[in-house]
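Undergrad: Take a look at input39.tsv, TSV, C-alpha atoms:
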```tsv
chain	number	residue	atom	x	y	z
A	402	MET	CA	166.49	173.12	213.83
A	403	GLN	CA	169.40	171.04	215.14
A	404	PHE	CA	171.19	173.91	216.95
A	405	SER	CA	168.17	175.87	218.26
A	406	GLN	CA	168.99	175.46	221.99
A	407	ARG	CA	172.58	176.57	221.43
A	408	LEU	CA	171.39	179.56	219.42
A	409	ASP	CA	168.87	180.47	222.12
A	410	ASP	CA	171.70	180.47	224.66
A	411	ILE	CA	173.85	182.68	222.42
A	412	GLU	CA	170.97	185.13	221.95
A	413	ALA	CA	170.37	185.27	225.72
A	414	ARG	CA	174.09	185.95	226.28
A	415	PHE	CA	173.97	188.71	223.64
A	416	GLU	CA	171.00	190.40	225.33
A	417	ALA	CA	172.71	190.19	228.73
A	418	LEU	CA	175.82	191.86	227.31
A	419	THR	CA	173.64	194.56	225.73
A	420	ARG	CA	172.12	195.32	229.13
A	421	GLN	CA	175.59	195.39	230.74
A	422	MET	CA	176.73	198.02	228.25
A	423	ALA	CA	173.95	200.31	229.50
A	424	ASP	CA	174.96	199.78	233.14
A	425	PRO	CA	176.55	202.99	234.56
A	426	ALA	CA	179.08	200.88	236.50
A	427	VAL	CA	180.28	199.23	233.27
A	428	ILE	CA	180.26	202.51	231.35
A	429	GLY	CA	182.41	204.07	234.05
A	430	ASP	CA	185.07	201.34	233.78
A	431	SER	CA	186.70	201.70	230.36
A	432	ASP	CA	188.46	198.33	230.50
A	433	THR	CA	185.28	196.42	231.46
A	434	TYR	CA	183.24	198.34	228.89
A	435	ARG	CA	185.74	197.54	226.14
A	436	LYS	CA	185.72	193.81	226.99
A	437	THR	CA	181.92	193.76	227.16
A	438	ALA	CA	181.59	195.56	223.83
A	439	LYS	CA	184.05	193.15	222.21
A	440	ALA	CA	182.20	190.10	223.54
A	441	ARG	CA	178.89	191.51	222.29
A	442	SER	CA	180.36	192.35	218.90
A	443	GLU	CA	181.59	188.77	218.47
A	444	LEU	CA	178.03	187.47	218.92
A	445	GLU	CA	176.19	190.12	216.91
A	446	GLU	CA	176.47	188.52	213.46
A	447	ILE	CA	175.20	185.12	214.55
A	448	VAL	CA	172.38	186.64	216.63
A	449	ASN	CA	171.19	188.77	213.72
A	450	LYS	CA	171.26	185.71	211.45
A	451	TYR	CA	169.33	183.65	214.03
A	452	ARG	CA	166.67	186.34	214.30
A	453	GLU	CA	166.44	186.40	210.51
A	454	TYR	CA	165.95	182.64	210.62
A	455	LYS	CA	163.19	182.87	213.27
A	456	GLN	CA	161.30	185.47	211.21
A	457	ALA	CA	161.54	183.32	208.08
A	458	LYS	CA	160.42	180.26	210.08
A	459	HIS	CA	157.46	182.20	211.45
A	460	ASN	CA	156.40	183.22	207.93
A	461	TYR	CA	156.85	179.65	206.69
A	462	ASP	CA	154.75	178.17	209.51
A	463	GLU	CA	152.00	180.74	208.95
A	464	GLY	CA	151.95	179.83	205.28
A	465	GLN	CA	151.67	176.13	206.13
A	466	GLN	CA	148.63	176.83	208.33
A	467	MET	CA	146.97	178.96	205.64
A	468	LEU	CA	147.23	176.06	203.18
A	469	GLN	CA	144.18	174.64	204.99
A	470	ASP	CA	142.11	177.81	204.50
A	471	PRO	CA	138.81	177.29	202.57
A	472	ASP	CA	139.46	180.44	200.49
A	473	PRO	CA	141.33	179.36	197.30
A	474	ASP	CA	142.95	182.78	196.89
A	475	LEU	CA	144.38	182.63	200.41
A	476	ARG	CA	145.56	179.05	199.78
A	477	GLN	CA	147.39	180.24	196.65
A	478	MET	CA	149.02	183.11	198.56
A	479	ALA	CA	150.05	180.65	201.25
A	480	ALA	CA	151.51	178.25	198.69
A	481	ASP	CA	153.53	181.08	197.17
A	482	GLU	CA	154.83	182.07	200.61
A	483	VAL	CA	155.77	178.48	201.50
A	484	ASN	CA	157.59	178.04	198.16
A	485	ARG	CA	159.48	181.27	198.74
A	486	GLN	CA	160.35	180.74	202.40
A	487	GLY	CA	161.39	177.08	202.09
A	488	PRO	CA	164.64	177.69	200.16
A	489	GLU	CA	165.24	180.85	202.20
A	490	LEU	CA	165.07	178.84	205.43
A	491	ALA	CA	167.52	176.28	204.06
A	492	ARG	CA	169.93	179.02	202.99
A	493	ILE	CA	169.85	180.77	206.39
A	494	GLU	CA	170.26	177.46	208.23
A	495	GLU	CA	173.43	176.67	206.24
A	496	GLU	CA	174.79	180.14	207.04
A	497	LEU	CA	174.09	179.56	210.73
A	498	LYS	CA	175.97	176.26	210.64
A	499	VAL	CA	179.00	178.09	209.28
A	500	LEU	CA	178.73	180.82	211.91
A	501	LEU	CA	178.57	178.14	214.64
A	502	LEU	CA	181.85	176.58	213.52
A	503	PRO	CA	184.65	177.03	216.08
A	504	LYS	CA	186.39	180.32	215.38
A	505	ASP	CA	190.04	180.28	214.37
A	506	PRO	CA	191.65	182.21	217.25
A	507	LEU	CA	194.16	183.66	214.78
A	508	ASP	CA	191.54	185.21	212.46
A	509	GLU	CA	191.54	188.58	214.21
A	510	LYS	CA	195.31	188.96	214.03
A	511	ASN	CA	197.45	191.21	211.89
A	512	VAL	CA	200.00	189.46	209.68
A	513	VAL	CA	203.58	189.52	208.51
A	514	ILE	CA	203.72	188.78	204.78
A	515	GLU	CA	206.99	187.63	203.22
A	516	ILE	CA	207.40	187.42	199.43
A	517	ARG	CA	210.53	185.95	197.87
A	518	ALA	CA	211.53	185.44	194.24
A	519	GLY	CA	212.18	181.78	193.42
A	520	THR	CA	213.04	180.04	190.15
A	521	GLY	CA	213.10	182.23	187.07
A	522	GLY	CA	215.82	184.81	187.68
A	523	ASP	CA	214.90	188.41	186.84
A	524	GLU	CA	211.42	187.39	185.71
A	525	ALA	CA	210.71	185.95	189.16
A	526	THR	CA	211.76	189.22	190.84
A	527	LEU	CA	209.45	191.19	188.54
A	528	PHE	CA	206.58	188.87	189.38
A	529	ALA	CA	207.35	189.18	193.11
A	530	ALA	CA	207.03	192.96	192.76
A	531	GLU	CA	203.69	192.57	190.98
A	532	ILE	CA	202.33	190.19	193.63
A	533	PHE	CA	203.35	192.60	196.39
A	534	ARG	CA	201.57	195.38	194.49
A	535	MET	CA	198.52	193.10	194.13
A	536	TYR	CA	198.34	192.50	197.88
A	537	SER	CA	198.94	196.20	198.60
A	538	ARG	CA	196.02	197.12	196.32
A	539	TYR	CA	193.83	194.53	198.04
A	540	ALA	CA	194.84	195.92	201.44
A	541	GLU	CA	193.70	199.38	200.27
A	542	THR	CA	190.22	198.01	199.46
A	543	GLN	CA	190.05	196.49	202.96
A	544	ARG	CA	191.35	199.68	204.61
A	545	TRP	CA	194.35	197.82	206.00
A	546	ARG	CA	197.73	199.39	206.66
A	547	VAL	CA	200.84	198.01	204.95
A	548	GLU	CA	204.27	198.79	206.46
A	549	VAL	CA	207.38	197.56	204.67
A	550	THR	CA	209.95	196.18	207.11
A	551	SER	CA	212.64	195.25	204.62
A	552	ILE	CA	212.96	195.05	200.86
A	553	SER	CA	215.68	193.84	198.51
A	554	GLU	CA	215.32	195.05	194.93
A	555	SER	CA	216.74	193.51	191.77
A	556	PRO	CA	218.67	195.42	189.06
A	557	VAL	CA	215.69	195.14	186.66
A	558	GLY	CA	213.27	196.85	189.05
A	559	GLY	CA	211.85	193.71	190.61
A	560	ILE	CA	211.94	192.48	194.19
A	561	LYS	CA	214.16	189.67	195.45
A	562	GLU	CA	212.49	189.75	198.87
A	563	VAL	CA	210.03	191.96	200.71
A	564	ILE	CA	208.72	191.65	204.25
A	565	ALA	CA	205.76	193.78	205.33
A	566	LEU	CA	203.42	194.15	208.29
A	567	VAL	CA	199.73	194.27	207.40
A	568	SER	CA	197.37	195.50	210.10
A	569	GLY	CA	193.62	196.07	210.18
A	570	ASP	CA	190.34	194.26	210.71
A	571	LYS	CA	190.53	190.42	210.49
A	572	VAL	CA	193.61	190.43	208.23
A	573	TYR	CA	194.66	186.85	208.92
A	574	SER	CA	191.14	185.52	208.25
A	575	ARG	CA	191.34	186.86	204.68
A	576	MET	CA	195.03	186.25	203.99
A	577	LYS	CA	195.73	182.90	205.65
A	578	TYR	CA	195.26	180.84	202.47
A	579	GLU	CA	197.83	182.82	200.47
A	580	SER	CA	200.91	180.98	201.78
A	581	GLY	CA	202.63	178.80	199.22
A	582	VAL	CA	204.26	178.83	195.80
A	583	HIS	CA	202.74	181.18	193.21
A	584	ARG	CA	203.66	180.34	189.61
A	585	VAL	CA	203.58	182.72	186.64
A	586	GLN	CA	203.45	181.78	182.96
A	587	ARG	CA	204.09	184.51	180.38
A	588	VAL	CA	206.49	185.80	177.73
A	589	PRO	CA	209.25	187.80	179.45
A	590	GLN	CA	210.12	191.20	177.98
A	591	THR	CA	213.63	189.94	177.27
A	592	GLU	CA	212.41	186.88	175.32
A	593	GLN	CA	213.11	187.33	171.61
A	594	GLN	CA	211.37	184.16	170.38
A	595	GLY	CA	208.02	184.86	172.03
A	596	ARG	CA	208.17	181.71	174.15
A	597	VAL	CA	206.18	181.40	177.38
A	598	HIS	CA	208.41	181.01	180.44
A	599	THR	CA	207.46	179.72	183.88
A	600	SER	CA	208.74	181.39	187.04
A	601	ALA	CA	207.80	181.07	190.68
A	602	ILE	CA	207.79	182.99	193.94
A	603	THR	CA	206.98	182.02	197.51
A	604	VAL	CA	204.53	183.80	199.80
A	605	ALA	CA	204.40	183.28	203.56
A	606	VAL	CA	201.63	184.77	205.69
A	607	LEU	CA	202.41	184.67	209.41
A	608	PRO	CA	200.00	185.73	212.17
A	609	GLU	CA	201.52	188.52	214.23
A	610	ALA	CA	202.27	187.55	217.83
A	611	ASP	CA	202.18	189.90	220.79
A	612	GLU	CA	204.46	189.93	223.79
A	613	VAL	CA	202.10	187.84	225.90
A	614	GLU	CA	202.12	184.98	223.39
A	615	ILE	CA	205.84	185.04	222.60
A	616	LYS	CA	208.26	186.06	225.35
A	617	ILE	CA	211.81	186.69	224.15
A	618	ASP	CA	214.58	186.50	226.70
A	619	PRO	CA	216.93	189.48	226.15
A	620	LYS	CA	219.87	187.05	226.60
A	621	ASP	CA	218.65	185.13	223.53
A	622	ILE	CA	219.04	187.97	221.06
A	623	ARG	CA	221.91	189.96	219.58
A	624	ILE	CA	221.18	193.42	218.20
A	625	ASP	CA	223.42	195.02	215.59
A	626	THR	CA	223.00	198.50	214.15
A	627	PHE	CA	224.33	199.73	210.82
A	628	CYS	CA	223.93	202.50	208.26
A	629	SER	CA	221.03	201.97	205.91
A	630	SER	CA	221.09	202.90	202.26
A	631	GLY	CA	218.56	203.17	199.49
A	632	PRO	CA	218.77	201.74	195.95
A	633	GLY	CA	221.45	203.24	193.73
A	634	GLY	CA	223.11	204.97	196.66
A	635	GLN	CA	220.09	207.22	197.22
A	636	SER	CA	218.77	208.05	200.68
A	637	VAL	CA	222.01	207.02	202.30
A	638	ASN	CA	221.60	207.33	206.04
A	639	THR	CA	224.79	208.39	207.79
A	640	THR	CA	223.40	207.42	211.21
A	641	TYR	CA	223.24	203.89	212.53
A	642	SER	CA	219.45	203.63	212.24
A	643	ALA	CA	219.16	200.19	210.59
A	644	VAL	CA	218.68	197.27	212.97
A	645	ARG	CA	219.48	193.57	212.70
A	646	ILE	CA	218.18	191.20	215.37
A	647	THR	CA	219.61	187.68	215.66
A	648	HIS	CA	217.69	185.14	217.72
A	649	LEU	CA	220.51	182.95	219.00
A	650	PRO	CA	218.58	179.75	219.91
A	651	THR	CA	216.98	179.43	216.44
A	652	GLY	CA	219.43	181.38	214.27
A	653	LEU	CA	216.59	183.55	212.92
A	654	ILE	CA	217.78	186.93	211.62
A	655	VAL	CA	215.50	189.92	211.04
A	656	SER	CA	216.64	193.26	209.61
A	657	CYS	CA	214.80	196.55	209.26
A	658	GLN	CA	216.04	199.77	207.73
A	659	ASP	CA	212.80	201.22	206.38
A	660	GLU	CA	212.50	203.93	209.06
A	661	LYS	CA	214.92	206.78	209.78
A	662	SER	CA	214.56	206.10	213.50
A	663	GLN	CA	216.52	203.25	215.07
A	664	ILE	CA	213.76	202.84	217.67
A	665	LYS	CA	211.08	202.40	215.01
A	666	ASN	CA	213.24	199.95	213.05
A	667	ARG	CA	213.86	197.96	216.23
A	668	ALA	CA	210.10	197.83	216.94
A	669	LYS	CA	209.30	196.61	213.41
A	670	ALA	CA	212.05	193.99	213.45
A	671	ASP	CA	210.83	192.80	216.84
A	672	ARG	CA	207.29	192.32	215.48
A	673	VAL	CA	208.59	190.24	212.57
A	674	LEU	CA	210.80	188.12	214.85
A	675	ARG	CA	207.91	187.42	217.22
A	676	SER	CA	205.71	186.38	214.30
A	677	ARG	CA	208.34	183.97	212.96
A	678	LEU	CA	208.83	182.42	216.39
A	679	TYR	CA	205.04	182.22	216.77
A	680	GLU	CA	204.80	180.40	213.43
A	681	ILE	CA	207.38	177.86	214.66
A	682	GLU	CA	205.26	177.21	217.77
A	683	LEU	CA	202.09	176.93	215.67
A	684	ASP	CA	203.80	174.40	213.37
A	685	LYS	CA	204.64	172.27	216.40
A	686	GLN	CA	201.00	172.36	217.49
A	687	ARG	CA	199.75	171.55	213.99
A	688	GLN	CA	202.08	168.57	213.72
A	689	ALA	CA	200.80	167.33	217.07
A	690	VAL	CA	197.25	167.38	215.68
A	691	GLY	CA	198.20	166.56	212.11
A	692	ALA	CA	194.80	165.29	210.97
A	693	GLU	CA	193.34	168.76	210.55
A	694	ARG	CA	196.51	170.02	208.87
A	695	ARG	CA	196.36	167.19	206.34
A	696	SER	CA	192.65	167.80	205.70
A	697	MET	CA	193.28	171.45	204.87
A	698	VAL	CA	195.09	171.46	201.55
A	699	GLY	CA	197.22	174.57	201.39
A	700	SER	CA	197.22	175.27	205.10
A	701	GLY	CA	200.57	176.98	204.83
A	702	ASP	CA	203.11	174.56	203.38
A	703	ARG	CA	205.39	176.93	201.51
A	704	SER	CA	206.76	174.17	199.25
A	705	GLU	CA	203.34	173.63	197.72
A	706	LYS	CA	202.30	175.15	194.40
A	707	ILE	CA	198.97	176.78	195.17
A	708	ARG	CA	198.21	179.06	192.22
A	709	THR	CA	199.17	179.69	188.59
A	710	TYR	CA	198.91	183.08	186.87
A	711	ASN	CA	198.80	182.60	183.07
A	712	PHE	CA	199.10	185.99	181.37
A	713	PRO	CA	198.64	184.93	177.70
A	714	GLN	CA	195.27	183.40	178.60
A	715	ASN	CA	194.32	186.06	181.21
A	716	ARG	CA	193.78	183.09	183.53
A	717	VAL	CA	194.40	182.46	187.22
A	718	SER	CA	193.97	178.94	188.63
A	719	ASP	CA	193.93	177.90	192.27
A	720	HIS	CA	195.05	174.28	192.34
A	721	ARG	CA	193.79	173.51	195.85
A	722	ILE	CA	190.12	173.94	194.98
A	723	GLY	CA	190.17	173.53	191.19
A	724	LEU	CA	189.05	177.12	190.58
A	725	THR	CA	189.91	178.91	187.33
A	726	LEU	CA	189.04	182.54	186.60
A	727	HIS	CA	189.62	184.30	183.29
A	728	GLN	CA	190.10	187.70	184.92
A	729	LEU	CA	193.79	187.78	185.75
A	730	ASP	CA	193.97	191.47	184.84
A	731	LEU	CA	191.47	192.29	187.62
A	732	VAL	CA	193.16	189.97	190.13
A	733	MET	CA	196.51	191.68	189.59
A	734	GLU	CA	194.80	194.99	190.40
A	735	GLY	CA	193.95	193.64	193.83
A	736	ARG	CA	190.46	192.30	193.20
A	737	LEU	CA	191.06	189.12	195.16
A	738	ASP	CA	187.62	188.66	196.71
A	739	PRO	CA	186.44	185.97	194.22
A	740	LEU	CA	189.52	183.87	195.02
A	741	ILE	CA	189.57	184.49	198.76
A	742	SER	CA	185.81	183.95	199.16
A	743	ALA	CA	185.95	180.69	197.19
A	744	LEU	CA	188.81	179.42	199.36
A	745	THR	CA	187.02	180.44	202.57
A	746	ASN	CA	183.78	178.73	201.48
A	747	TYR	CA	185.65	175.57	200.48
A	748	TYR	CA	187.43	175.19	203.80
A	749	GLN	CA	184.28	176.03	205.75
A	750	ALA	CA	182.48	173.25	203.85
A	751	GLU	CA	185.33	170.87	204.70
A	752	LYS	CA	185.01	171.77	208.37
A	753	LEU	CA	181.24	171.26	208.24
A	754	LYS	CA	181.81	167.85	206.66
A	755	ASP	CA	184.31	166.94	209.39
A	756	GLN	CA	181.91	168.17	212.05
A	757	GLY	CA	179.11	166.06	210.55
A	758	GLU	CA	181.28	162.94	210.53
A	759	ALA	CA	182.33	163.56	214.12
A	760	ALA	CA	178.75	164.04	215.32
```
Reformat the file's structure so that it appears as structure tokens.

TA:
Amino acid sequence: MQFSQRLDDIEARFEALTRQMADPAVIGDSDTYRKTAKARSELEEIVNKYREYKQAKHNYDEGQQMLQDPDPDLRQMAADEVNRQGPELARIEEELKVLLLPKDPLDEKNVVIEIRAGTGGDEATLFAAEIFRMYSRYAETQRWRVEVTSISESPVGGIKEVIALVSGDKVYSRMKYESGVHRVQRVPQTEQQGRVHTSAITVAVLPEADEVEIKIDPKDIRIDTFCSSGPGGQSVNTTYSAVRITHLPTGLIVSCQDEKSQIKNRAKADRVLRSRLYEIELDKQRQAVGAERRSMVGSGDRSEKIRTYNFPQNRVSDHRIGLTLHQLDLVMEGRLDPLISALTNYYQAEKLKDQGEAA
């Protein structure tokens, strides 16, 4: 196999880390142990797949040798084994190629998701609320945590804008292809003639930045506090717990009034601000190496229509990869894996193609 030496090196590194984790000196140092365990965990999937490949290769080679056996029954058994292991070897080898692709350093990060109603008036706000519910349901299936930072509701019960923090295992790796314009086609409840209307919302998925990656000079921000209030005058907070942070150099403004504590609101708003500033820095880097950005259709351009949800036909179409599913009802309940897996596989194949051309 083309990458066997590299895989041997990875396996040797994995075994060395396994031995280190049993070393009393490492066990006694919690920081070292945590780093060692993390490094080992990052290699575990590819090592297990490589060992699966070696076992399948061993069985295949044994079968090839037995094809020369004088016993016809043994030759038939060998032929069956070779026919079975051949496609299996090819499948595992393709999976190993994907696992050897350079990891996106952002994949492990939590995200800030921002959903805003666009064209379509009240219908767009209703759809924004449904999309937020869809992502919240999906987050439940992944055991992620969703924390609303700010929300602006419409008079008809929809959402004009919602910003939420989503934290858990590999959130960005699953959510990074959701940025863009989402279009809905259906008959609004207020439509008397039964005509299908088209509305749109925008979704932005930003990787969350920590303090090490984005340093904010205290002189660059202005913090205002104010009384928060709930919809319809409910839950009016008579203390100044709501927080608004203005980043003076960029003009970015982040508000949070979801918590009763000013300290907690400040912390949430700070996380959102850092993520927006981080996204600005990432955009600069992507523009500097624009070839990859152009090769990845839907890499985050929020002006781009990425998906259409057609309710009369129970159809959802992702325009970037030409995928259409007639299971919109399930998708809206948070069953996004068919869409997300198809997108992930598509972009992995594109990267493999690019890697092959560069080799």

Undergrad: If you take only C-alpha atoms and a cut-off of 12 Å, which residues of segment 460-536 of chain A touch segment 721-738 of chain A, and what are their nearest atom pairs and distances in Å to one decimal, in chain and number order, as CSV?

TA:
```
residue,atom,partner,partner_atom,distance
A:Phe528,CA,A:Met733,CA,10.5
A:Ala529,CA,A:Met733,CA,11.7
A:Ala530,CA,A:Met733,CA,11.1
A:Glu531,CA,A:Met733,CA,7.4
A:Ile532,CA,A:Met733,CA,7.2
A:Phe533,CA,A:Met733,CA,9.7
A:Arg534,CA,A:Gly735,CA,7.8
A:Met535,CA,A:Gly735,CA,4.6
A:Tyr536,CA,A:Gly735,CA,6.1
```

Undergrad: Quick one: pull the distance between atom CA of Arg452 of chain A and atom CA of Ala750 of chain A, Å, one decimal.

TA: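 Here the two named atoms are 23.0 Å from each other.
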
Undergrad: May I ask for the distance between atom CA of Tyr539 of chain A and atom CA of Glu680 of chain A, given in Å to one decimal place?

TA: 23.6 Å

Undergrad: For segment 414-417 of chain A, please output as an NGL selection string all residues within 8 Å (counting all atoms listed in the file; exclusion window: fewer than 6 positions along the same chain).

TA: :A and (441 or 444-445 or 448)

Undergrad: Convert the current residue selection to file output with C-alpha atoms, as a short mmCIF file (atom, residue, chain, number, x, y, z; two decimals), in the coordinates of the input.

TA:
```cif
data_model
loop_
_atom_site.label_atom_id
_atom_site.label_comp_id
_atom_site.auth_asym_id
_atom_site.auth_seq_id
_atom_site.Cartn_x
_atom_site.Cartn_y
_atom_site.Cartn_z
CA ARG A 441 178.89 191.51 222.29
CA LEU A 444 178.03 187.47 218.92
CA GLU A 445 176.19 190.12 216.91
CA VAL A 448 172.38 186.64 216.63
#
```

Undergrad: Please indicate the distance in Å from atom CA of Leu502 of chain A to atom CA of Asn746 of chain A, rounded to one decimal place.

TA: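 Atom CA of Asn746 of chain A lies at a distance of 12.4 Å from atom CA of Leu502 of chain A.
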
Undergrad: Name all residues at most 8 Å from Tyr679 of chain A (count all atoms listed in the file; drop same-chain ones fewer than 6 positions away) and give them as a ChimeraX atom specification.

TA: /A:608-610,614-615

Undergrad: Find the residue from A:Lys620, A:Lys661, A:Arg492, A:His583 that sits nearest to Thr709 of chain A; use all atoms listed in the file when measuring.

TA: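 Between A:Lys620, A:Lys661, A:Arg492, A:His583, the residue approaching Thr709 of chain A most closely is A:His583.
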
Undergrad: Anything within 10 Å of (177.7, 176.5, 208.1): list those residues as an MDAnalysis selection string, counting all atoms listed in the file and sticking to the file's coordinates.

TA: chainID A and resid 492:502 746 749:750 752:754

Undergrad: Skipping near chain neighbours, those fewer than 4 positions away, what residues fall within 9 Å of Leu418 of chain A using all atoms listed in the file, listed as a VMD selection string?

TA: chain A and resid 413 to 414 422 to 423 437 to 438 440 to 441

Undergrad: Could you give me, as a PyMOL selection string, the residues within 10 Å of Thr550 of chain A, counting all atoms listed in the file and dropping anything in the same chain fewer than 4 positions from it?

TA: chain A and resi 513-515+563-566+655-660+666+668-670+672-673

Undergrad: Measuring atom to atom with all atoms listed in the file, identify which of A:Asp481, A:Asp508, A:Asp409, A:Asp424 is nearest to Tyr578 of chain A.

TA: A:Asp508

Undergrad: I'd like to know which of A:Lys685, A:His720, A:Arg544, A:Arg667 is closest to Gly581 of chain A, using only C-alpha atoms.

TA: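 Closest residue, counting only C-alpha atoms: A:His720.
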
Undergrad: Return the single residue from A:Asp505, A:Asp625, A:Glu548, A:Glu562 that is closest to Ala518 of chain A, with distances computed using only C-alpha atoms.

TA: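 Using only C-alpha atoms, the shortest distance to Ala518 of chain A belongs to A:Glu562.
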
Undergrad: With only C-alpha atoms as the basis for distance, which of A:Gly595, A:Pro506, A:Gly464, A:Gly559 is at the shortest distance from Tyr573 of chain A?

TA: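 Distance minimum relative to Tyr573 of chain A lands on A:Pro506.
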
Undergrad: Please determine, counting all atoms listed in the file, which residue among A:Thr526, A:Ser574, A:Gln456, A:Asn449 has the shortest atom-to-atom distance to Ile560 of chain A.

TA: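 Looking only at the distances to Ile560 of chain A, the closest residue turns out to be A:Thr526.
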
Undergrad: From the block you just saw, export segment 558-579 of chain A: N, CA and C atoms, as an mmCIF file, in the first residue's frame.

TA:
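The result, written out as selection_28.cif:
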```cif
data_model
loop_
_atom_site.group_PDB
_atom_site.id
_atom_site.type_symbol
_atom_site.label_atom_id
_atom_site.label_comp_id
_atom_site.auth_asym_id
_atom_site.auth_seq_id
_atom_site.Cartn_x
_atom_site.Cartn_y
_atom_site.Cartn_z
ATOM 1 N N GLY A 558 -44.596 34.815 16.509
ATOM 2 C CA GLY A 558 -44.026 33.646 17.185
ATOM 3 C C GLY A 558 -42.789 33.096 16.512
ATOM 4 N N GLY A 559 -42.273 33.812 15.516
ATOM 5 C CA GLY A 559 -41.048 33.385 14.866
ATOM 6 C C GLY A 559 -39.835 34.014 15.512
ATOM 7 N N ILE A 560 -38.702 33.921 14.840
ATOM 8 C CA ILE A 560 -37.453 34.468 15.351
ATOM 9 C C ILE A 560 -36.830 35.367 14.282
ATOM 10 N N LYS A 561 -36.593 36.618 14.641
ATOM 11 C CA LYS A 561 -35.883 37.519 13.732
ATOM 12 C C LYS A 561 -34.396 37.192 13.728
ATOM 13 N N GLU A 562 -33.863 36.906 14.916
ATOM 14 C CA GLU A 562 -32.437 36.579 15.048
ATOM 15 C C GLU A 562 -32.229 35.784 16.320
ATOM 16 N N VAL A 563 -31.379 34.778 16.245
ATOM 17 C CA VAL A 563 -30.984 34.039 17.446
ATOM 18 C C VAL A 563 -29.498 33.718 17.331
ATOM 19 N N ILE A 564 -28.805 33.890 18.436
ATOM 20 C CA ILE A 564 -27.382 33.552 18.525
ATOM 21 C C ILE A 564 -27.226 32.569 19.675
ATOM 22 N N ALA A 565 -26.565 31.454 19.419
ATOM 23 C CA ALA A 565 -26.424 30.414 20.442
ATOM 24 C C ALA A 565 -25.027 29.822 20.411
ATOM 25 N N LEU A 566 -24.572 29.381 21.574
ATOM 26 C CA LEU A 566 -23.307 28.670 21.716
ATOM 27 C C LEU A 566 -23.598 27.178 21.749
ATOM 28 N N VAL A 567 -22.917 26.415 20.922
ATOM 29 C CA VAL A 567 -23.109 24.964 20.884
ATOM 30 C C VAL A 567 -21.784 24.312 21.254
ATOM 31 N N SER A 568 -21.788 23.535 22.325
ATOM 32 C CA SER A 568 -20.545 22.931 22.810
ATOM 33 C C SER A 568 -20.710 21.427 22.953
ATOM 34 N N GLY A 569 -19.610 20.710 22.717
ATOM 35 C CA GLY A 569 -19.646 19.252 22.797
ATOM 36 C C GLY A 569 -18.480 18.659 22.024
ATOM 37 N N ASP A 570 -18.631 17.421 21.610
ATOM 38 C CA ASP A 570 -17.566 16.692 20.929
ATOM 39 C C ASP A 570 -17.598 16.976 19.428
ATOM 40 N N LYS A 571 -16.523 17.570 18.898
ATOM 41 C CA LYS A 571 -16.338 17.798 17.459
ATOM 42 C C LYS A 571 -17.533 18.511 16.819
ATOM 43 N N VAL A 572 -18.003 19.572 17.452
ATOM 44 C CA VAL A 572 -19.184 20.283 16.942
ATOM 45 C C VAL A 572 -18.898 20.913 15.581
ATOM 46 N N TYR A 573 -17.770 21.612 15.479
ATOM 47 C CA TYR A 573 -17.494 22.314 14.217
ATOM 48 C C TYR A 573 -17.341 21.340 13.054
ATOM 49 N N SER A 574 -16.778 20.155 13.305
ATOM 50 C CA SER A 574 -16.581 19.185 12.223
ATOM 51 C C SER A 574 -17.903 18.765 11.599
ATOM 52 N N ARG A 575 -18.984 18.758 12.389
ATOM 53 C CA ARG A 575 -20.295 18.353 11.884
ATOM 54 C C ARG A 575 -21.118 19.529 11.375
ATOM 55 N N MET A 576 -20.851 20.720 11.896
ATOM 56 C CA MET A 576 -21.704 21.874 11.593
ATOM 57 C C MET A 576 -21.096 22.854 10.591
ATOM 58 N N LYS A 577 -19.851 22.658 10.200
ATOM 59 C CA LYS A 577 -19.151 23.701 9.443
ATOM 60 C C LYS A 577 -19.704 23.932 8.046
ATOM 61 N N TYR A 578 -20.475 22.982 7.514
ATOM 62 C CA TYR A 578 -21.020 23.168 6.163
ATOM 63 C C TYR A 578 -22.432 23.752 6.176
ATOM 64 N N GLU A 579 -22.887 24.208 7.326
ATOM 65 C CA GLU A 579 -24.263 24.724 7.427
ATOM 66 C C GLU A 579 -24.362 26.226 7.168
#
```
